[in-house]
Each structure stands twice: as structure tokens, then as C-alpha cells.
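As provided, start.tsv (TSV, C-alpha atoms) reads as follows.
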```
chain	number	residue	atom	x	y	z
A	1	MET	CA	0.00	0.00	0.00
A	2	ARG	CA	1.25	3.47	-0.86
A	3	ILE	CA	-0.06	6.59	0.88
A	4	LYS	CA	0.97	10.05	-0.27
A	5	VAL	CA	1.10	12.60	2.55
A	6	ILE	CA	0.87	16.10	1.11
A	7	ASN	CA	2.10	19.06	3.12
A	8	PRO	CA	0.45	21.91	1.18
A	9	ASN	CA	3.10	24.43	2.18
A	10	THR	CA	6.53	24.44	0.57
A	11	THR	CA	8.71	24.22	3.70
A	12	TRP	CA	10.46	20.87	3.34
A	13	SER	CA	11.83	20.74	6.88
A	14	MET	CA	8.23	20.72	8.10
A	15	THR	CA	7.37	18.07	5.52
A	16	ARG	CA	10.03	15.81	7.04
A	17	THR	CA	8.43	16.19	10.50
A	18	ILE	CA	5.03	15.40	9.02
A	19	GLY	CA	6.44	12.37	7.22
A	20	GLN	CA	7.91	11.03	10.46
A	21	ALA	CA	4.53	11.31	12.20
A	22	ALA	CA	2.84	9.50	9.31
A	23	HIS	CA	5.44	6.72	9.29
A	24	ALA	CA	4.95	6.20	13.03
A	25	ALA	CA	1.18	5.84	12.58
A	26	ALA	CA	1.29	3.49	9.57
A	27	SER	CA	1.73	-0.28	9.48
A	28	ALA	CA	5.09	-1.71	8.48
A	29	ASP	CA	3.87	-2.72	5.02
A	30	VAL	CA	2.66	0.80	4.15
A	31	GLU	CA	4.89	3.03	2.04
A	32	ILE	CA	4.61	6.67	3.08
A	33	GLU	CA	5.57	9.32	0.55
A	34	ALA	CA	5.70	12.74	2.24
A	35	VAL	CA	5.83	15.64	-0.22
A	36	SER	CA	5.43	19.37	-0.62
A	37	PRO	CA	4.25	20.96	-3.87
A	38	ASN	CA	6.85	22.68	-6.03
A	39	MET	CA	4.77	25.86	-5.91
A	40	GLY	CA	2.84	27.75	-3.26
A	41	PRO	CA	3.31	29.58	0.06
A	42	VAL	CA	5.97	28.60	2.61
A	43	SER	CA	3.28	28.56	5.30
A	44	ILE	CA	-0.50	28.67	5.34
A	45	GLU	CA	-2.03	31.25	7.65
A	46	SER	CA	-4.78	32.96	5.64
A	47	HIS	CA	-7.55	32.33	3.15
A	48	SER	CA	-5.25	33.63	0.41
A	49	ASP	CA	-2.55	31.15	1.42
A	50	GLU	CA	-5.09	28.33	1.31
A	51	ALA	CA	-6.30	29.30	-2.16
A	52	LEU	CA	-2.74	29.33	-3.50
A	53	ALA	CA	-1.85	26.07	-1.76
A	54	ALA	CA	-4.88	24.23	-3.17
A	55	VAL	CA	-3.38	24.32	-6.67
A	56	GLY	CA	-0.23	22.60	-5.45
A	57	VAL	CA	-2.33	19.99	-3.65
A	58	MET	CA	-4.20	19.21	-6.87
A	59	ASP	CA	-0.92	18.87	-8.74
A	60	GLU	CA	0.43	16.39	-6.18
A	61	VAL	CA	-2.75	14.32	-6.32
A	62	ARG	CA	-2.63	14.31	-10.11
A	63	LYS	CA	0.95	13.01	-9.98
A	64	GLY	CA	-0.01	10.49	-7.32
A	65	GLU	CA	-2.72	9.05	-9.52
A	66	LEU	CA	-0.17	8.51	-12.29
A	67	ASP	CA	2.21	6.87	-9.79
A	68	GLY	CA	-0.42	4.47	-8.44
A	69	CYS	CA	-0.92	5.89	-4.95
A	70	ASP	CA	-3.68	4.16	-2.97
A	71	GLY	CA	-4.71	7.12	-0.81
A	72	TYR	CA	-3.80	10.61	0.32
A	73	VAL	CA	-3.41	12.58	3.55
A	74	LEU	CA	-3.88	16.35	3.27
A	75	ALA	CA	-1.53	17.60	5.98
A	76	CYS	CA	-2.71	21.14	6.69
A	77	PHE	CA	-5.33	21.90	9.32
A	78	GLY	CA	-7.35	24.10	6.97
A	79	ASP	CA	-7.77	21.09	4.66
A	80	PRO	CA	-7.10	23.32	1.60
A	81	GLY	CA	-8.21	21.83	-1.69
A	82	LEU	CA	-9.70	18.75	-0.04
A	83	HIS	CA	-12.81	18.52	-2.22
A	84	ALA	CA	-10.85	19.21	-5.40
A	85	ALA	CA	-8.43	16.45	-4.43
A	86	GLN	CA	-11.35	14.07	-3.89
A	87	GLU	CA	-12.54	14.80	-7.42
A	88	LEU	CA	-9.14	13.86	-8.82
A	89	ALA	CA	-8.36	10.80	-6.67
A	90	HIS	CA	-9.80	7.32	-6.88
A	91	GLY	CA	-8.57	6.27	-3.45
A	92	PRO	CA	-9.55	8.01	-0.20
A	93	VAL	CA	-8.37	11.55	0.55
A	94	VAL	CA	-8.55	12.62	4.21
A	95	GLY	CA	-7.73	16.01	5.70
A	96	ILE	CA	-6.01	16.20	9.07
A	97	ALA	CA	-8.70	18.40	10.64
A	98	GLN	CA	-11.38	16.05	9.36
A	99	ALA	CA	-9.57	13.02	10.79
A	100	ALA	CA	-8.71	14.66	14.10
A	101	PHE	CA	-12.31	15.67	14.81
A	102	HIS	CA	-13.55	12.15	14.12
A	103	ALA	CA	-10.84	10.64	16.31
A	104	ALA	CA	-11.58	13.04	19.17
A	105	THR	CA	-15.26	12.10	19.26
A	106	LEU	CA	-14.41	8.41	19.39
A	107	ILE	CA	-12.38	8.77	22.60
A	108	GLY	CA	-14.40	11.42	24.45
A	109	ARG	CA	-17.54	13.51	24.37
A	110	SER	CA	-15.88	16.87	23.74
A	111	PHE	CA	-12.66	18.37	22.40
A	112	ALA	CA	-10.87	21.70	22.17
A	113	ILE	CA	-8.79	22.98	19.26
A	114	VAL	CA	-5.47	24.68	19.98
A	115	THR	CA	-3.94	26.15	16.84
A	116	THR	CA	-1.25	28.62	15.74
A	117	LEU	CA	-2.61	32.11	15.05
A	118	GLY	CA	-5.91	33.60	16.16
A	119	ARG	CA	-6.68	34.76	12.63
A	120	THR	CA	-7.15	31.10	11.60
A	121	LEU	CA	-9.82	30.33	14.21
A	122	GLY	CA	-12.62	31.31	11.84
A	123	ARG	CA	-11.51	28.59	9.45
A	124	ALA	CA	-11.47	26.11	12.32
A	125	HIS	CA	-15.06	27.10	13.18
A	126	ASP	CA	-16.07	26.60	9.55
A	127	LEU	CA	-14.54	23.11	9.37
A	128	VAL	CA	-16.07	21.99	12.66
A	129	GLU	CA	-19.48	23.04	11.34
A	130	GLU	CA	-18.91	21.49	7.90
A	131	TYR	CA	-17.86	18.15	9.37
A	132	GLY	CA	-20.73	18.10	11.87
A	133	PHE	CA	-18.95	18.50	15.21
A	134	THR	CA	-20.33	21.83	16.45
A	135	SER	CA	-21.73	20.41	19.67
A	136	GLN	CA	-18.56	18.45	20.48
A	137	CYS	CA	-16.01	21.26	20.02
A	138	VAL	CA	-16.08	23.30	23.22
A	139	ALA	CA	-13.15	25.68	22.70
A	140	TYR	CA	-11.18	27.34	19.91
A	141	ARG	CA	-7.80	28.67	21.04
A	142	ALA	CA	-4.56	29.94	19.53
A	143	CYS	CA	-1.05	30.01	21.00
A	144	GLU	CA	-0.08	32.89	18.63
A	145	VAL	CA	2.97	31.09	17.26
A	146	PRO	CA	3.39	31.45	13.48
A	147	VAL	CA	3.52	28.20	11.53
A	148	LEU	CA	7.20	28.64	10.64
A	149	GLY	CA	7.93	29.37	14.30
A	150	LEU	CA	7.08	25.76	15.09
A	151	ASP	CA	9.95	24.72	12.84
A	152	GLU	CA	12.45	27.53	13.43
A	153	HIS	CA	12.07	27.94	17.21
A	154	PRO	CA	10.68	24.58	18.40
A	155	ASP	CA	11.50	24.96	22.11
A	156	ALA	CA	9.82	28.36	22.47
A	157	ALA	CA	6.93	27.20	20.32
A	158	TYR	CA	6.43	24.12	22.47
A	159	GLU	CA	6.33	26.16	25.68
A	160	ALA	CA	3.77	28.55	24.20
A	161	LEU	CA	1.66	25.66	22.96
A	162	LEU	CA	1.86	23.84	26.29
A	163	ALA	CA	0.81	26.97	28.18
A	164	GLU	CA	-2.16	27.52	25.86
A	165	CYS	CA	-3.25	23.89	26.17
A	166	ARG	CA	-3.14	24.13	29.96
A	167	ALA	CA	-5.13	27.38	29.93
A	168	THR	CA	-7.65	25.76	27.60
A	169	LEU	CA	-8.17	22.76	29.86
A	170	ASP	CA	-8.56	25.09	32.86
A	171	CYS	CA	-11.38	27.03	31.22
A	172	CYS	CA	-13.46	24.35	29.49
A	173	ALA	CA	-14.68	20.78	29.86
A	174	ALA	CA	-12.74	19.30	26.95
A	175	ASP	CA	-11.94	15.60	27.10
A	176	SER	CA	-9.10	15.99	24.58
A	177	ILE	CA	-7.01	18.52	22.70
A	178	VAL	CA	-6.88	18.63	18.90
A	179	LEU	CA	-3.68	20.21	17.62
A	180	GLY	CA	-4.51	22.74	14.92
A	181	CYS	CA	-1.42	22.50	12.73
A	182	ALA	CA	0.44	19.69	11.00
A	183	GLY	CA	3.70	21.30	12.13
A	184	MET	CA	2.76	20.41	15.73
A	185	ALA	CA	2.89	16.69	14.98
A	186	GLY	CA	6.27	16.15	16.60
A	187	MET	CA	5.06	17.72	19.87
A	188	CYS	CA	1.99	15.54	20.36
A	189	LYS	CA	3.28	12.79	22.66
A	190	ARG	CA	5.26	15.18	24.84
A	191	LEU	CA	2.17	17.33	25.32
A	192	GLU	CA	0.06	14.30	26.14
A	193	ASN	CA	2.53	13.20	28.80
A	194	GLU	CA	2.47	16.63	30.45
A	195	LEU	CA	-1.25	17.34	30.16
A	196	HIS	CA	-2.53	13.86	31.04
A	197	VAL	CA	-5.32	14.02	28.48
A	198	PRO	CA	-5.46	12.67	24.91
A	199	VAL	CA	-3.74	15.03	22.46
A	200	ILE	CA	-4.66	14.34	18.85
A	201	ASP	CA	-2.29	14.88	15.96
A	202	GLY	CA	-4.29	15.00	12.76
A	203	VAL	CA	-1.41	13.67	10.67
A	204	ALA	CA	-1.35	10.40	12.61
A	205	ALA	CA	-5.15	10.20	12.70
A	206	ALA	CA	-5.51	10.81	8.96
A	207	THR	CA	-2.76	8.34	8.07
A	208	ALA	CA	-4.36	5.59	10.13
A	209	LEU	CA	-7.79	6.39	8.70
A	210	VAL	CA	-6.61	6.34	5.08
A	211	GLU	CA	-4.80	3.04	5.67
A	212	GLY	CA	-7.91	1.52	7.21
A	213	LEU	CA	-10.16	2.70	4.37
A	214	VAL	CA	-7.80	1.26	1.76
A	215	ARG	CA	-7.60	-2.06	3.60
A	216	ILE	CA	-11.36	-2.49	3.57
A	217	GLY	CA	-11.59	-1.52	-0.09
A	218	MET	CA	-13.13	1.92	0.31
A	219	ARG	CA	-12.64	4.40	-2.54
A	220	THR	CA	-13.87	7.93	-3.21
A	221	SER	CA	-17.38	7.77	-4.64
A	222	LYS	CA	-17.54	8.91	-8.25
A	223	ARG	CA	-21.31	8.87	-8.53
A	224	ARG	CA	-22.05	12.60	-8.15
A	225	GLU	CA	-20.14	15.44	-6.51
A	226	PHE	CA	-16.70	13.83	-6.44
A	227	ALA	CA	-16.86	12.42	-9.96
A	228	ASN	CA	-13.81	13.32	-12.03
A	229	PRO	CA	-14.19	16.94	-13.20
A	230	PRO	CA	-15.38	17.47	-16.77
A	231	ALA	CA	-12.79	18.07	-19.47
A	232	LYS	CA	-12.20	21.73	-20.28
A	233	GLU	CA	-9.47	24.09	-21.38
A	234	VAL	CA	-7.53	25.99	-18.73
A	235	VAL	CA	-5.54	29.04	-19.85
A	236	GLY	CA	-2.64	31.10	-18.54
A	237	LEU	CA	-0.43	30.04	-15.64
A	238	LEU	CA	-2.67	27.04	-14.91
A	239	ALA	CA	-2.68	25.70	-18.46
A	240	ASP	CA	-1.03	22.46	-17.27
A	241	PHE	CA	-4.35	21.65	-15.57
A	242	THR	CA	-6.16	21.37	-18.91
A	243	ARG	CA	-8.07	18.08	-18.85
```
Starting from the file, give its structure as C-alpha cells.
Amino acid sequence: MRIKVINPNTTWSMTRTIGQAAHAAASADVEIEAVSPNMGPVSIESHSDEALAAVGVMDEVRKGELDGCDGYVLACFGDPGLHAAQELAHGPVVGIAQAAFHAATLIGRSFAIVTTLGRTLGRAHDLVEEYGFTSQCVAYRACEVPVLGLDEHPDAAYEALLAECRATLDCCAADSIVLGCAGMAGMCKRLENELHVPVIDGVAAATALVEGLVRIGMRTSKRREFANPPAKEVVGLLADFTR
């Protein structure tokens, strides 16, 4: 089995961390290919960043289909380009926010999200509502560490994240913490040991979920919405996406 883990930003050091988390969650017979697109923002912290990153995600899925990948993990908490990727892929495509919310509700009644910057909390609200977990998510918090800060200053970032997680647990009745950035994957177990509650890394959750879906023969439905997109000409910078 081959699972492609796509980090939608173009910071390869973060992609390596994400790949390590995916490898740790996958079975020994699963090949993990962790990639970043060759175009797009170095970090994703706005709606504009997500829109730009979605094109790179589509390109990686398109290449994965040619290479025979069995499934895909979309390793950014905003799940940018998820539905477009599902149109292009035959195997399952799972976003890390999507997977983390499902995992959280299987091990407790409620969860809190702790993410990077406060400006991204609106997107977190939107995804919780879209995926149907409004009543289970009891807090939306940000540690105000930029995405690249997780990679460039990991010790300071960890301390800020730990402090925000503790403050979150003090102020709400969350049974678990969902980490709101793929770049936090390497901090998950350490946080869990200090907080004494489940801490959910979406990269691990999505990897395990994609593997399980592939093993039971589940594929993306092509009956209606996620059918392959109709052929049409694309012009300008995106001409390579002509179908």
C-alpha cells in the first residue's frame, strides 16, 4: 500500500516532520511518501494562502494518480483543496482536521482545538461546522505562534503551545485537545505526557484512517459530486491543468 502525505506548504523541513509522524502511525507494510508541492506559500495562515496552496495539492494528487498511490493525507489543518483532491483521486483523501475531529469524538464527548494564530480560528469554526462537530467542540484557542515558528524555534513554540493547552483545559470541559497545525505533529506525545489528556495529531489520525479505508476496499465515490471533473481548457499560468 502506498499513501501520499501532502504538506500543502513548501517548507520541506516541516514536511520531514510530518512524514515522520505519518510513518509512526502506519503499518510496516505501508509506504509513506511525504511531499510538498513545487509551488505555493511557505506557510498557510490565511484564506489567500489556502487558495494558492490548493493548486499545489491538486498537482500532487494528479501526480499520485499517475504513480499508483492508494490514498492521500492532506496535511494542513485548513484542509485546503480537499474537495478538489477528492474529485481527482480514486482512493480516499482525508484532511487532518477532518480526521482529528472524528478521532476526538471516538475517545471522548468533547474536544478543544489549539492552533497557531488567532486569525485562523474562523476557518477552524467553519470546518467543525462542515464536518458536523459543532456540539462536540467546546473551545477554539490559539497560541499565537506562526507556523514557521514551530519549525524555526521549536522549544519556544512548544512552551507557548503547552501553556495555551493548559489554559484551555482550565477554562473548558474538553476531554481531549486537537492540535490545529500539522507542524505540531512532533510535539503531540510530549504534550500528552504533560497534560494527562489525549492530544490528537491530525497527521497520525488521517494516516491511520486512510490506511484503514484502503484495507477495507473503500474508494472515493464517483457517482455525483466527487466524480472526475469534466474536461475543459484551462488558460494562462494554470494551463497544465487542462483536462
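Put simply, atom CA of Ala21 of chain A is 22.5 Å away from atom CA of Lys63 of chain A.
Ranking A:Ala97, A:Met187, A:Leu150, A:Ala163 by their shortest atom-to-atom distance to Ser13 of chain A, with only C-alpha atoms included, puts A:Leu150 first.
Among the candidates A:Ala182, A:Ala174, A:Ala124, A:Ala139, the residue lying nearest to His47 of chain A is A:Ala124 (atoms considered: all atoms listed in the file).
Going from atom CA of Val94 of chain A over to atom CA of Ala227 of chain A, you cover 16.4 Å.
Every protein or nucleic acid residue with an atom no more than 9 Å from Tyr131 of chain A, counting only C-alpha atoms and leaving out same-chain residues fewer than 2 positions away, appears here: A:Gln98, A:Phe101, A:His102, A:Asp126, A:Leu127, A:Val128, A:Glu129, A:Phe133, A:Thr134.
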Write the residues of the selection above to a file with C-alpha atoms, as a CSV table (one decimal), keeping the file's coordinate frame.
```
chain,number,residue,atom,x,y,z
A,98,GLN,CA,-11.4,16.0,9.4
A,101,PHE,CA,-12.3,15.7,14.8
A,102,HIS,CA,-13.6,12.2,14.1
A,126,ASP,CA,-16.1,26.6,9.6
A,127,LEU,CA,-14.5,23.1,9.4
A,128,VAL,CA,-16.1,22.0,12.7
A,129,GLU,CA,-19.5,23.0,11.3
A,133,PHE,CA,-19.0,18.5,15.2
A,134,THR,CA,-20.3,21.8,16.4
```
Hey, can I get the axis-aligned box for segment 98-115 of chain A? All listed atoms, 4 Å padding on each side, centre and edge lengths in Å to one decimal, as AutoDock Vina command-line options.
```
--center_x -10.7 --center_y 17.3 --center_z 16.9 --size_x 21.6 --size_y 25.7 --size_z 23.1
```
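One finds atom CA of Thr220 of chain A at 5.5 Å from atom CA of His90 of chain A.
In this comparison, which uses all atoms listed in the file, the residue of A:Ile6, A:Ala185, A:Val147, A:Val30 approaching Val214 of chain A most closely is A:Val30.
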